[in-house]
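Visitor: The structure that follows is given in the form of structure tokens.
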Amino acid sequence: MKIAIVGIGGVGGYYGGKLALKYAASDDHEIFFIARGEHLDKIRKDGLKLITTEGDFTATPSLATDNPKELGLLDLIFFCVKGYGLENAARMIADNLHSNTVTIPLLNGVDNVERLSSILHGGIILNGCVYISTRIAHPGVIQQTGGSCKLIFGPESGSAEPYRKIETLLKDADIKAELSENITVGAWSKYLFVGPLAGITSMLGKPFGAIMENEDHRTMLEEMMKEVKLIADAKGIPLPENIIEQSLEVTSNFPYETKSSMQMDREKGNPMEVDTFIGYIVKTGKSLGVKTPLHEEMLIILTAK
């Protein structure tokens, strides 16, 4: 099987690194990294170093490149780019698909399948989400800083069983993978947790602990989660009734100084996934007639020049 990981940032580096460590030297599978810049140069020269809670290791893919044309037709593709880069990544690799190529987005957001479907007109598009905190420590090095490392994936409709071999492939590479018959609920459950946190930590410039210990900030976070649930309800997505309480409890268990990835991007002056976390809720709320005033206010603040 020919497997490509598009985007070797924190998420793609962790899961791609595990796949490369297990399979890059095998006769049955080829693992390809699609990366760019100095990060790509370091990987080509020294491999990809992973610093994880399980230990440190260096993985060498079958090939690391910034040119998908070198790879030919692929059997399995993981998209691990930022939300604002998904369409460009899809266009870049569209010619590498055959009729049975499986693509799995592992990025933030809940409309990734729809977005990929508008560009990729071949193969099979599943959905996926991960629970992990990782980052590029410096070029060629990925550091895991937290999270359960669970990877959930599956089809948005139809049986999940045809994709059981992908789950086995991932598990054999020591990845905590779970094939889900209800991936839409899984993706939205994560989105309800991470989206409001990304927004409020970015807007206020404060870590998780500071948000949770301040009554006004915590209330705002809870109300934003309620807005996301209203959207899910309007779309007919059956989230657990106690999803907000669960999400707040999970937040309170993070280390005090934990920051969202969008907060860190804002602090560094990097592009942010504002449309993924905030803009989508505002747009969808308007189309469904659901009021989302906190998201609307936050969108104005975070997109102000």
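If you're wondering about the labels, chains in the structure tokens are A, B, ... by order shown, residues count from 1 in each chain, ligands from 1 in order shown.
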Within 7 Å of stretch 101-113 of chain A, counting only C-alpha atoms, which residues show up once you throw out same-chain ones fewer than 4 positions away? Write them as a compact mmCIF listing (two decimals) with N, CA and C atoms, in the first residue's frame, please.
Guide:
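Output file around-v5.txt follows:
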# COMPACT_ATOMS: atom_id res chain seq x y z
N LEU A 74 -1.73 6.81 -5.29
CA LEU A 74 -1.66 6.49 -3.86
C LEU A 74 -2.90 5.71 -3.43
N ASP A 75 -2.74 4.89 -2.39
CA ASP A 75 -3.84 4.08 -1.88
C ASP A 75 -4.51 4.68 -0.65
N LEU A 76 -3.74 5.43 0.13
CA LEU A 76 -4.26 6.00 1.37
C LEU A 76 -3.58 7.34 1.61
N ILE A 77 -4.39 8.36 1.87
CA ILE A 77 -3.87 9.72 2.07
C ILE A 77 -4.44 10.30 3.35
N PHE A 78 -3.57 10.79 4.22
CA PHE A 78 -3.99 11.51 5.42
C PHE A 78 -3.71 13.00 5.21
N PHE A 79 -4.73 13.83 5.33
CA PHE A 79 -4.56 15.27 5.27
C PHE A 79 -4.37 15.79 6.68
N CYS A 80 -3.21 16.42 6.94
CA CYS A 80 -2.88 16.91 8.27
C CYS A 80 -2.45 18.37 8.23
N VAL A 81 -3.07 19.14 7.34
CA VAL A 81 -2.74 20.55 7.19
C VAL A 81 -3.63 21.39 8.09
N LYS A 82 -3.36 22.68 8.16
CA LYS A 82 -4.26 23.60 8.86
C LYS A 82 -5.54 23.76 8.03
N GLY A 83 -6.61 24.18 8.71
CA GLY A 83 -7.89 24.29 8.04
C GLY A 83 -7.87 25.18 6.81
N LEU A 97 -4.88 10.27 -7.07
CA LEU A 97 -5.96 9.38 -6.64
C LEU A 97 -6.36 8.41 -7.74
N SER A 117 -14.72 16.91 -0.93
CA SER A 117 -15.57 16.38 -2.00
C SER A 117 -15.73 17.37 -3.15
N GLY A 123 -11.91 8.34 -5.74
CA GLY A 123 -11.58 7.73 -4.47
C GLY A 123 -12.71 7.81 -3.46
N ILE A 124 -12.37 7.54 -2.20
CA ILE A 124 -13.32 7.45 -1.10
C ILE A 124 -12.86 8.39 0.01
N ILE A 125 -13.75 9.26 0.45
CA ILE A 125 -13.40 10.23 1.49
C ILE A 125 -14.05 9.83 2.80
N LEU A 126 -13.24 9.53 3.79
CA LEU A 126 -13.73 9.27 5.14
C LEU A 126 -13.57 10.54 5.97
N ASN A 127 -13.98 10.50 7.21
CA ASN A 127 -13.74 11.62 8.12
C ASN A 127 -12.88 11.12 9.27
N GLY A 128 -12.24 12.04 9.96
CA GLY A 128 -11.39 11.64 11.07
C GLY A 128 -11.14 12.79 12.03
N CYS A 129 -10.71 12.46 13.22
CA CYS A 129 -10.29 13.48 14.18
C CYS A 129 -9.30 12.84 15.15
N VAL A 130 -8.49 13.67 15.76
CA VAL A 130 -7.47 13.18 16.69
C VAL A 130 -7.53 13.97 17.99
N ALA A 187 -16.61 13.72 15.60
CA ALA A 187 -15.99 14.95 15.12
C ALA A 187 -16.64 16.18 15.76
N TRP A 188 -17.96 16.18 15.87
CA TRP A 188 -18.66 17.32 16.46
C TRP A 188 -18.41 17.40 17.97
N TYR A 191 -15.20 19.07 18.24
CA TYR A 191 -15.34 20.45 17.77
C TYR A 191 -15.97 21.34 18.83
N THR A 276 -12.31 28.21 10.57
CA THR A 276 -12.61 26.83 10.97
C THR A 276 -13.40 26.79 12.27
N PHE A 277 -12.97 27.54 13.27
CA PHE A 277 -13.56 27.45 14.60
C PHE A 277 -14.72 28.42 14.83
Visitor: Which residues are near stretch 33-48 of chain A? Cut-off 12 Å, only C-alpha atoms, ignore same chain within fewer than 4 positions. Put them as an NGL selection string.
Guide: :A and (2-10 or 12-21 or 24 or 56-71 or 77-81 or 89 or 92-93 or 136-143)
Visitor: I want to know what sits within 8 Å of A:Ile231, based on only C-alpha atoms, with residues of the same chain fewer than 4 positions away left out; could you give that as JSON, numbers by chain?
Guide: {"A": [227, 235, 281, 284, 285, 288, 290]}
Visitor: Store the residues of this selection in a file with N, CA and C atoms, as a short mmCIF file (atom, residue, chain, number, x, y, z; two decimals), in the first residue's frame.
Guide:
data_model
loop_
_atom_site.label_atom_id
_atom_site.label_comp_id
_atom_site.auth_asym_id
_atom_site.auth_seq_id
_atom_site.Cartn_x
_atom_site.Cartn_y
_atom_site.Cartn_z
N GLU A 227 -23.76 27.42 22.05
CA GLU A 227 -24.05 27.86 20.67
C GLU A 227 -23.67 26.78 19.66
N LYS A 235 -28.73 20.70 12.92
CA LYS A 235 -28.29 19.84 11.83
C LYS A 235 -28.66 18.38 12.05
N ILE A 281 -19.29 28.54 12.46
CA ILE A 281 -20.48 28.58 13.33
C ILE A 281 -21.34 29.79 12.98
N THR A 284 -22.97 29.09 9.49
CA THR A 284 -23.97 28.03 9.56
C THR A 284 -25.17 28.47 10.39
N GLY A 285 -24.92 29.22 11.46
CA GLY A 285 -26.02 29.73 12.26
C GLY A 285 -26.95 30.62 11.45
N LEU A 288 -29.09 28.54 9.11
CA LEU A 288 -30.09 27.71 9.78
C LEU A 288 -31.05 28.51 10.65
N VAL A 290 -30.15 30.10 13.42
CA VAL A 290 -29.75 29.90 14.81
C VAL A 290 -28.86 31.07 15.24
#
Visitor: What is the atom CA of A:Ile51 to atom CA of A:Arg135 distance in Å?
Guide: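 Between atom CA of A:Ile51 and atom CA of A:Arg135 the gap is 10.1 Å.
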Visitor: Between atom CA of A:Leu192 and atom CA of A:Lys229, what is the distance, to one decimal in Å?
Guide: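 Value for the atom CA of A:Leu192-atom CA of A:Lys229 distance: 7.0 Å.
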Visitor: Would you list, as an MDAnalysis selection string, the residues of stretch 181-279 of chain A that end up in alpha helix (DSSP H) under DSSP run on this structure's backbone?
Guide: chainID A and resid 183:204 208:213 215:234 243:252 261:268 274
Visitor: In stretch 152-233 of chain A, what's strand (DSSP E or B) per DSSP? Answer as a list in words?
Guide: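 Selection result, strand (DSSP E or B) within stretch 152-233 of chain A: Ile152, Phe153, Gly154, Ala177, Glu178 and Leu179 of chain A.
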Visitor: Please measure the separation of atom CA of A:Glu178 and atom CA of A:Asp275, giving the value in Å to one decimal.
Guide: 27.8 Å
Visitor: Taking only C-alpha atoms into account, name the residue in A:Glu297, A:Glu161, A:Glu249, A:Glu241 that is nearest to A:Ile200.
Guide: A:Glu297
Visitor: Have a look at A:Leu179, A:Val11, A:Ile300, A:Ala232 and name the one nearest to A:Tyr131; count only C-alpha atoms.
Guide: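 With only C-alpha atoms as the atom set, the closest residue is A:Val11.
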Visitor: Tell me, as a list of chain:residue names, which residues lie within 9 Å of A:Gly209, counting only C-alpha atoms; anything in the same chain fewer than 2 positions away does not count.
Guide: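 The filter keeps A:Lys206, A:Pro207, A:Ile211, A:Met212, A:Glu213, A:Asn214, A:Thr251, A:Ser252, A:Asn253, A:Phe254, A:Pro255, A:Tyr256, A:Glu257, A:Thr258.
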